[in-house]
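Participant: Starting off with a structure, shown below.
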Amino acid sequence: VFYHQQKIFFQRREPNQLGVDFLADLPTNVLDSFRVFYHGKPIGNNGFGAFQQQKQNGSGVIWTLSEPYGASDWMPCKQSLNDKIDSIDVYISAPDSFKSVSNGLRQSIISQGFGTNLTHWKHRYPITTYLIAIACTNYDEYSDWVINGNDSLQIQNFMYHQNDSSNRVKAALAVYVMQFYESKFGAYPFRKEKYGHAQFGWGGGMEHQTQTFVSNFGFSLIAHEMAHQWFGDKSTCHSWAEIWLNEGFATYCSALSSLYLGRKSEWDNWRFGTKNQIINALPGSVFCDDTTSVNRIFNGVYSYSKGAWILHMLRYQMGDTLFFKAMHDYIQDSKIAYNYTTTEILKQHFETYFGKSLDTFFQIYYYGKNLPEYRVRWWQIDDTLRIHVDYISNQTPDVYWSMPLNFTCRSWDDNKQQDSDFIFSNTSISQDYKIIYPHHLGQLLFDFHTSILAKVDVANSPEAGYNYNAAIQLTPNPARNEVFVNEQKYGVTELKFYDVTGKLVWQINQNENWAANNIYGNLQRFDICNLEAGFYIVQMRTNNNLLFYQKLIKQ
C-alpha cells in the first residue's frame with residue numbers, strides 16, 4: 001500500500017478486510033488517495049460466481065458478476081450500498097485476439113507486444129461496487145445506434161462468434177426499447193457514454209452500468225436489463241432488503257415494453273403467468289426479510305414478480321397518465337439520482353399523484369405475506385344480475401384496501417361468445433351490485449383482465465345479494481320458484497307469508513316442505529312454486545323465537 005509515494009503498514013483482517021495505518025491523522029474535507037497493489041486468482045464463490053474463467057466454443061473467457069456480495073472476491077473495495085464510487089478507470093491486459101469489455105467508454109487498445117493488448121475503459125458517473133465488471137474473450141463487436149435528432153447513442157454489442165448473425169437481429173430491438181424507456185422515464189442516465197451488451201456464461205443477465213452482460217439476446221431479457229440502467233443503476237436500492245426497487249421495476253418495465261411495442265401475447269403471458277405463480281407460491285413478502293441469503297434476495301416470486309405487481313396494481317388504479325408521471329418524477333428526483341433510494345421515497349411520489357396515503361396498500365402488498373381474497377357469488381333473475389363480493393384480508397391484523405373491481409359477463413347467443421365488461425367501485429369488505437343484463441349469463445369472470453393480485457373464488461349461488469350485516473335474509477328477491485334463508489346464526493323454524501292487507505296466505509313449518517338435501521351450505525332452500533305471484537311480507541321465526549321480517553316479490 002502506497003500513500004504519497006511511501007509504503008505504509010497494512011493488516012489483513014477477518015473477514016477479508018484490509019486495514020491501513022496512515023502516517024498521521026488525515027485532515028477533513030481534503031481530497032486524498034492511496035494505492036493498493038495486489039495479485040492472485042479470485043476464488044469467485046460469493047453471490048452468482050463473482051469471477052469466472054471458462055470456455056466458450058473452444059475459446060477461453062473471463063467474466064465477472066459481483067451482485068450482491070462478490071466484488072471483494074476480485075478487487076479491493078468498500079463493498080457497501082451506501083457509498084458510490086465517483087468514477088473508475090479499468091485496464092485489462094489480454095491476448096490480442098481477444099476483446100476486453102468494461103464500464104463506460106473504451107479509451108484505447110494498445111499493443112504491449114508478445115501477443116497482448118492493454119485495453120483502457122473509463123467511466124465518469126457514480127457507480128456502486130457490484131455494478132463494476134469486466135469480460136474478455138474473442139468477441140465479435142457490432143453496434144446499433146439510437147438516433148434522436150442530431151444526437152445519437154451507441155449500443156455497443158460484444159457477441160460470441162458462433163451466434164453472431166442471429167444475435168444481431170435480436171439485439172437491434174434494443175433501439176426501440178431504449179426509445180420507449182426514454183419517452184417514459186427521461187433520457188438514458190449515461191448518455192454521455194454508451195450502452196452495451198456483452199455475452200457471458202451465466203444463465204440470465206446482469207445490469208452492469210452501461211455494459212449489460214447477457215446469456216442471450218431475447219427480447220424480455222434485453223428489456224429487463226436495460227430498465228435497470230434507470231432502476232438499479234442510476235438509483236440503487238439502499239439495502240438488499242429493498243431489492244424490489246431494482247428487480248420489481250425491471251420486471252414490470254420489461255412487461256410494459258412488450259405491451260407498448262406490439263408484443264401483446266408476451267404481455268398477456270406475463271400477466272397470467274406471474275399472477276398464477278404468486279398465488280400458487282408459499283406466502284412471502286416483497287420486503288426481503290433475510291439479506292444473508294442470496295436466494296431470498298433474488299427470489300423470483302417475491303422480489304421480481306410480486307414486486308412488479310405492486311406497480312401493475314398502482315397503474316391499474318391511477319391510469320397510465322398519472323402512473324408514468326409518478327414514475328418519471330421518482331427516477332428524476334435529485335435526492336436519489338445517481339444515488340440511493342428507498343421504498344418510502346417511491347411511495348411519497350406515488351401518493352402525490354394518487355391523492356391519498358398508500359400506507360395500507362404497502363402494508364398488504366409490500367410487507368404482507370398473505371394475499372387478500374375475493375369471494376364472489378352471483379345469481380340471475382330474468383335480466384337482473386346480482387353480485388355479492390366479500391373481501392377477505394388474510395392479513396394479521398386484518399386490513400382492507402379498496403380496488404376497482406372488474407367483471408366480465410360471458411354469454412353465448414346463437415353459439416357466439418359475447419363478453420361485456422363492468423367496473424365497480426369497491427368501498428367495503430362486503431358489497432352487493434346489481435347489473436341489468438338481458439342475456440342468459442353463462443359465466444361470470446372476475447378480474448378477467450388481470451389487474452388485481454388476489455385469490456378469487458367465483459360461483460353461481462343464491463347467496464348473491466345476501467346482506468351479511470343482516471341477521472337473517474331471504475334471497476333472491478324478487479324470487480320465482482325458490483327462496484333461500486341464511487340460518488347460520490339462528491336457525492329458522494317457521495316462515496309466514498302475509499299479503500299487502502296483512503292476511504296470512506301461506507305458512508311453512510320446520511320439516512315441512514323442507515328440501516330433502518341441503519346442498520347450499522349455510523343456506524336453507526324453500527320451495528315457493530305454489531305461492532301466487534305478488535308482494536309479501538315474510539315473517540321468519542328462529543329457534544329461540546326471535547322474529548325477523550322482510551319484503552318479498554314473488555314473480
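We label chains A, B, ... in the order they appear in the C-alpha cells, count residues from 1 in each chain, and number ligands from 1 in the order shown.
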Which residues, written as a tab-separated table (two decimals) with N, CA and C atoms, in the first residue's frame, have at least one atom at most 10 Å from Glu242 of chain A, with only C-alpha atoms counted and residues fewer than 6 positions away on the same chain left out?
Facilitator:
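So the final result, stored in result_14.tsv, reads:
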```tsv
chain	number	residue	atom	x	y	z
A	236	THR	N	-30.08	3.28	-6.89
A	236	THR	CA	-29.87	1.93	-6.38
A	236	THR	C	-30.58	1.76	-5.04
A	248	GLY	N	-38.13	-5.63	-9.16
A	248	GLY	CA	-39.55	-5.50	-9.46
A	248	GLY	C	-39.79	-4.48	-10.56
A	286	VAL	N	-42.71	-8.97	-0.35
A	286	VAL	CA	-41.78	-8.32	-1.28
A	286	VAL	C	-40.58	-7.80	-0.51
A	287	PHE	N	-40.82	-7.24	0.66
A	287	PHE	CA	-39.73	-6.83	1.54
A	287	PHE	C	-38.90	-8.05	1.88
A	288	CYS	N	-37.60	-7.98	1.63
A	288	CYS	CA	-36.71	-9.13	1.85
A	288	CYS	C	-36.30	-9.18	3.32
A	289	ASP	N	-36.74	-10.21	4.01
A	289	ASP	CA	-36.51	-10.31	5.45
A	289	ASP	C	-35.26	-11.11	5.80
A	291	THR	N	-31.39	-10.86	4.28
A	291	THR	CA	-30.41	-10.42	3.28
A	291	THR	C	-29.11	-11.21	3.36
A	297	ILE	N	-32.83	-12.96	-1.43
A	297	ILE	CA	-32.76	-11.61	-2.02
A	297	ILE	C	-33.32	-11.64	-3.43
A	303	SER	N	-39.30	-10.87	-5.01
A	303	SER	CA	-38.57	-9.67	-5.42
A	303	SER	C	-38.87	-9.25	-6.85
A	307	GLY	N	-43.12	-7.97	-6.70
A	307	GLY	CA	-42.70	-6.58	-6.73
A	307	GLY	C	-43.24	-5.86	-7.96
A	341	THR	N	-31.92	4.94	-3.14
A	341	THR	CA	-33.34	5.21	-2.98
A	341	THR	C	-33.96	4.22	-2.01
A	342	THR	N	-35.19	4.55	-1.57
A	342	THR	CA	-35.91	3.70	-0.62
A	342	THR	C	-37.36	3.56	-1.07
A	343	THR	N	-38.04	2.56	-0.53
A	343	THR	CA	-39.45	2.36	-0.82
A	343	THR	C	-40.28	3.55	-0.34
A	366	TYR	N	-46.69	-5.06	0.07
A	366	TYR	CA	-45.23	-5.00	0.18
A	366	TYR	C	-44.73	-5.74	1.41
```
Participant: Contacts of segment 211-223 of chain A at 10 Å or less, counting only C-alpha atoms, minus same-chain residues fewer than 6 places along, as a PyMOL selection string?
Facilitator: chain A and resi 63-65+101-105+131-135+155-160+163+166-174+176-178+181+194-205+229+250-258+263+266
Participant: Pull the strand (DSSP E) assignments for segment 74-150 of chain A out of DSSP run on the backbone, and list those residues as an NGL selection string.
Facilitator: :A and (88-95 or 99-102 or 105-113 or 116-123 or 134-137 or 140-148)
Participant: So that I have them on file, write out the residues from the current selection with C-alpha atoms, as a PDB file, in the first residue's frame.
Facilitator:
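So out09.pdb came out as:
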```pdb
ATOM      1  CA  ILE A  88     -13.413   4.338 -12.479  1.00  0.00           C
ATOM      2  CA  ASP A  89     -10.632   3.524 -14.927  1.00  0.00           C
ATOM      3  CA  VAL A  90     -10.181  -0.134 -15.861  1.00  0.00           C
ATOM      4  CA  TYR A  91      -7.107  -1.521 -17.682  1.00  0.00           C
ATOM      5  CA  ILE A  92      -7.199  -5.106 -18.965  1.00  0.00           C
ATOM      6  CA  SER A  93      -4.219  -6.940 -20.375  1.00  0.00           C
ATOM      7  CA  ALA A  94      -5.223  -9.881 -22.577  1.00  0.00           C
ATOM      8  CA  PRO A  95      -4.268 -11.790 -25.755  1.00  0.00           C
ATOM      9  CA  LYS A  99     -11.585  -8.083 -26.869  1.00  0.00           C
ATOM     10  CA  SER A 100     -11.847  -6.778 -23.321  1.00  0.00           C
ATOM     11  CA  VAL A 101     -15.019  -5.144 -22.022  1.00  0.00           C
ATOM     12  CA  SER A 102     -15.856  -2.961 -19.027  1.00  0.00           C
ATOM     13  CA  LEU A 105     -16.205   4.332 -22.849  1.00  0.00           C
ATOM     14  CA  ARG A 106     -13.274   2.472 -24.361  1.00  0.00           C
ATOM     15  CA  GLN A 107     -10.343   4.889 -24.471  1.00  0.00           C
ATOM     16  CA  SER A 108      -7.653   2.851 -26.168  1.00  0.00           C
ATOM     17  CA  ILE A 109      -6.308  -0.540 -27.199  1.00  0.00           C
ATOM     18  CA  ILE A 110      -2.508  -0.516 -27.008  1.00  0.00           C
ATOM     19  CA  SER A 111      -0.252  -3.328 -28.162  1.00  0.00           C
ATOM     20  CA  GLN A 112       2.121  -4.499 -25.433  1.00  0.00           C
ATOM     21  CA  GLY A 113       4.000  -6.912 -27.654  1.00  0.00           C
ATOM     22  CA  THR A 116      -1.060  -8.995 -25.828  1.00  0.00           C
ATOM     23  CA  ASN A 117      -3.051  -5.752 -25.784  1.00  0.00           C
ATOM     24  CA  LEU A 118      -3.846  -3.334 -22.965  1.00  0.00           C
ATOM     25  CA  THR A 119      -7.430  -2.037 -23.142  1.00  0.00           C
ATOM     26  CA  HIS A 120      -8.470   1.055 -21.185  1.00  0.00           C
ATOM     27  CA  TRP A 121     -12.095   1.767 -20.229  1.00  0.00           C
ATOM     28  CA  LYS A 122     -13.171   4.965 -18.452  1.00  0.00           C
ATOM     29  CA  HIS A 123     -16.459   5.612 -16.625  1.00  0.00           C
ATOM     30  CA  ILE A 134     -15.004  -6.999 -16.838  1.00  0.00           C
ATOM     31  CA  ALA A 135     -15.295  -9.616 -19.580  1.00  0.00           C
ATOM     32  CA  CYS A 136     -12.763 -10.912 -22.078  1.00  0.00           C
ATOM     33  CA  THR A 137     -12.842 -13.401 -24.967  1.00  0.00           C
ATOM     34  CA  ASP A 140     -17.360 -10.126 -32.409  1.00  0.00           C
ATOM     35  CA  GLU A 141     -18.106  -6.424 -31.961  1.00  0.00           C
ATOM     36  CA  TYR A 142     -21.117  -4.744 -33.512  1.00  0.00           C
ATOM     37  CA  SER A 143     -23.019  -1.506 -32.750  1.00  0.00           C
ATOM     38  CA  ASP A 144     -26.550  -0.198 -33.177  1.00  0.00           C
ATOM     39  CA  TRP A 145     -27.452   3.468 -32.768  1.00  0.00           C
ATOM     40  CA  VAL A 146     -30.373   5.293 -31.171  1.00  0.00           C
ATOM     41  CA  ILE A 147     -30.900   8.450 -33.235  1.00  0.00           C
ATOM     42  CA  ASN A 148     -32.620  11.443 -31.658  1.00  0.00           C
TER      43      ASN A 148
END
```
Participant: So that I can check the surroundings of Asp233 of chain A, please list as a list in words every protein, DNA and RNA residue that reaches within 9 Å of it, counting only C-alpha atoms and ignoring chain neighbours fewer than 4 positions away.
Facilitator: Ile127, Thr128, Leu131, Pro189, Glu207, His208, Gln209, Thr210, His228, Gln229, Asn246, Tyr338 and Asn339 of chain A
Participant: Could you tell me how far atom CA of Thr450 of chain A sits from atom CA of Glu344 of chain A, in Å to one decimal place?
Facilitator: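 Interatomic distance here is 26.5 Å.
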Participant: Do a neighbour search on segment 504-508 of chain A at 12 Å with only C-alpha atoms, toss out local chain neighbours closer than 4 positions, and write the hits as a PyMOL selection string.
Facilitator: chain A and resi 492-500+512-515+525-541
Participant: Which of these residues is nearest to Glu193 of chain A, using only C-alpha atoms: A:Gln52, A:Arg124, A:Gly60, A:Ile243?
Facilitator: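 The shortest atom-to-atom distance to Glu193 of chain A comes from A:Arg124.
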Participant: Could you pull the residues within 12 Å of Pro15 of chain A, counting only C-alpha atoms, minus those fewer than 3 positions along the same chain, as a list of chain:residue names?
Facilitator: A:Gln11, A:Arg12, A:Leu18, A:Gly19, A:Ser72, A:Asp73
Participant: Just write the chosen residues, N, CA, C and O atoms, as a PDB file, in the first residue's frame.
Facilitator:
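New file out.pdb:
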```
ATOM      1  N   GLN A  11      -2.754  -4.321   7.389  1.00  0.00           N
ATOM      2  CA  GLN A  11      -3.065  -5.596   8.019  1.00  0.00           C
ATOM      3  C   GLN A  11      -4.206  -6.267   7.272  1.00  0.00           C
ATOM      4  O   GLN A  11      -5.094  -5.586   6.759  1.00  0.00           O
ATOM      5  N   ARG A  12      -4.153  -7.594   7.251  1.00  0.00           N
ATOM      6  CA  ARG A  12      -5.294  -8.367   6.741  1.00  0.00           C
ATOM      7  C   ARG A  12      -6.187  -8.715   7.924  1.00  0.00           C
ATOM      8  O   ARG A  12      -5.755  -9.371   8.869  1.00  0.00           O
ATOM      9  N   LEU A  18      -9.058  -5.155   4.664  1.00  0.00           N
ATOM     10  CA  LEU A  18      -7.726  -4.565   4.621  1.00  0.00           C
ATOM     11  C   LEU A  18      -7.715  -3.349   5.545  1.00  0.00           C
ATOM     12  O   LEU A  18      -8.492  -2.411   5.354  1.00  0.00           O
ATOM     13  N   GLY A  19      -6.853  -3.381   6.556  1.00  0.00           N
ATOM     14  CA  GLY A  19      -6.688  -2.243   7.456  1.00  0.00           C
ATOM     15  C   GLY A  19      -5.416  -1.493   7.121  1.00  0.00           C
ATOM     16  O   GLY A  19      -4.335  -2.080   6.951  1.00  0.00           O
ATOM     17  N   SER A  72     -15.666  -8.010  -3.733  1.00  0.00           N
ATOM     18  CA  SER A  72     -14.404  -8.131  -2.991  1.00  0.00           C
ATOM     19  C   SER A  72     -13.689  -9.441  -3.280  1.00  0.00           C
ATOM     20  O   SER A  72     -12.563  -9.644  -2.824  1.00  0.00           O
ATOM     21  N   ASP A  73     -14.315 -10.339  -4.019  1.00  0.00           N
ATOM     22  CA  ASP A  73     -13.624 -11.570  -4.432  1.00  0.00           C
ATOM     23  C   ASP A  73     -12.507 -11.273  -5.423  1.00  0.00           C
ATOM     24  O   ASP A  73     -11.563 -12.075  -5.557  1.00  0.00           O
TER      25      ASP A  73
END
```
Participant: Quick one, how far is atom CA of Lys264 of chain A from atom CA of Leu441 of chain A?
Facilitator: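 Calculated distance between atom CA of Lys264 of chain A and atom CA of Leu441 of chain A is 28.3 Å.
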Participant: Measuring between only C-alpha atoms, which one of A:Trp378, A:Tyr316, A:Trp74, A:Phe361 shows the shortest distance to Leu405 of chain A?
Facilitator: A:Tyr316
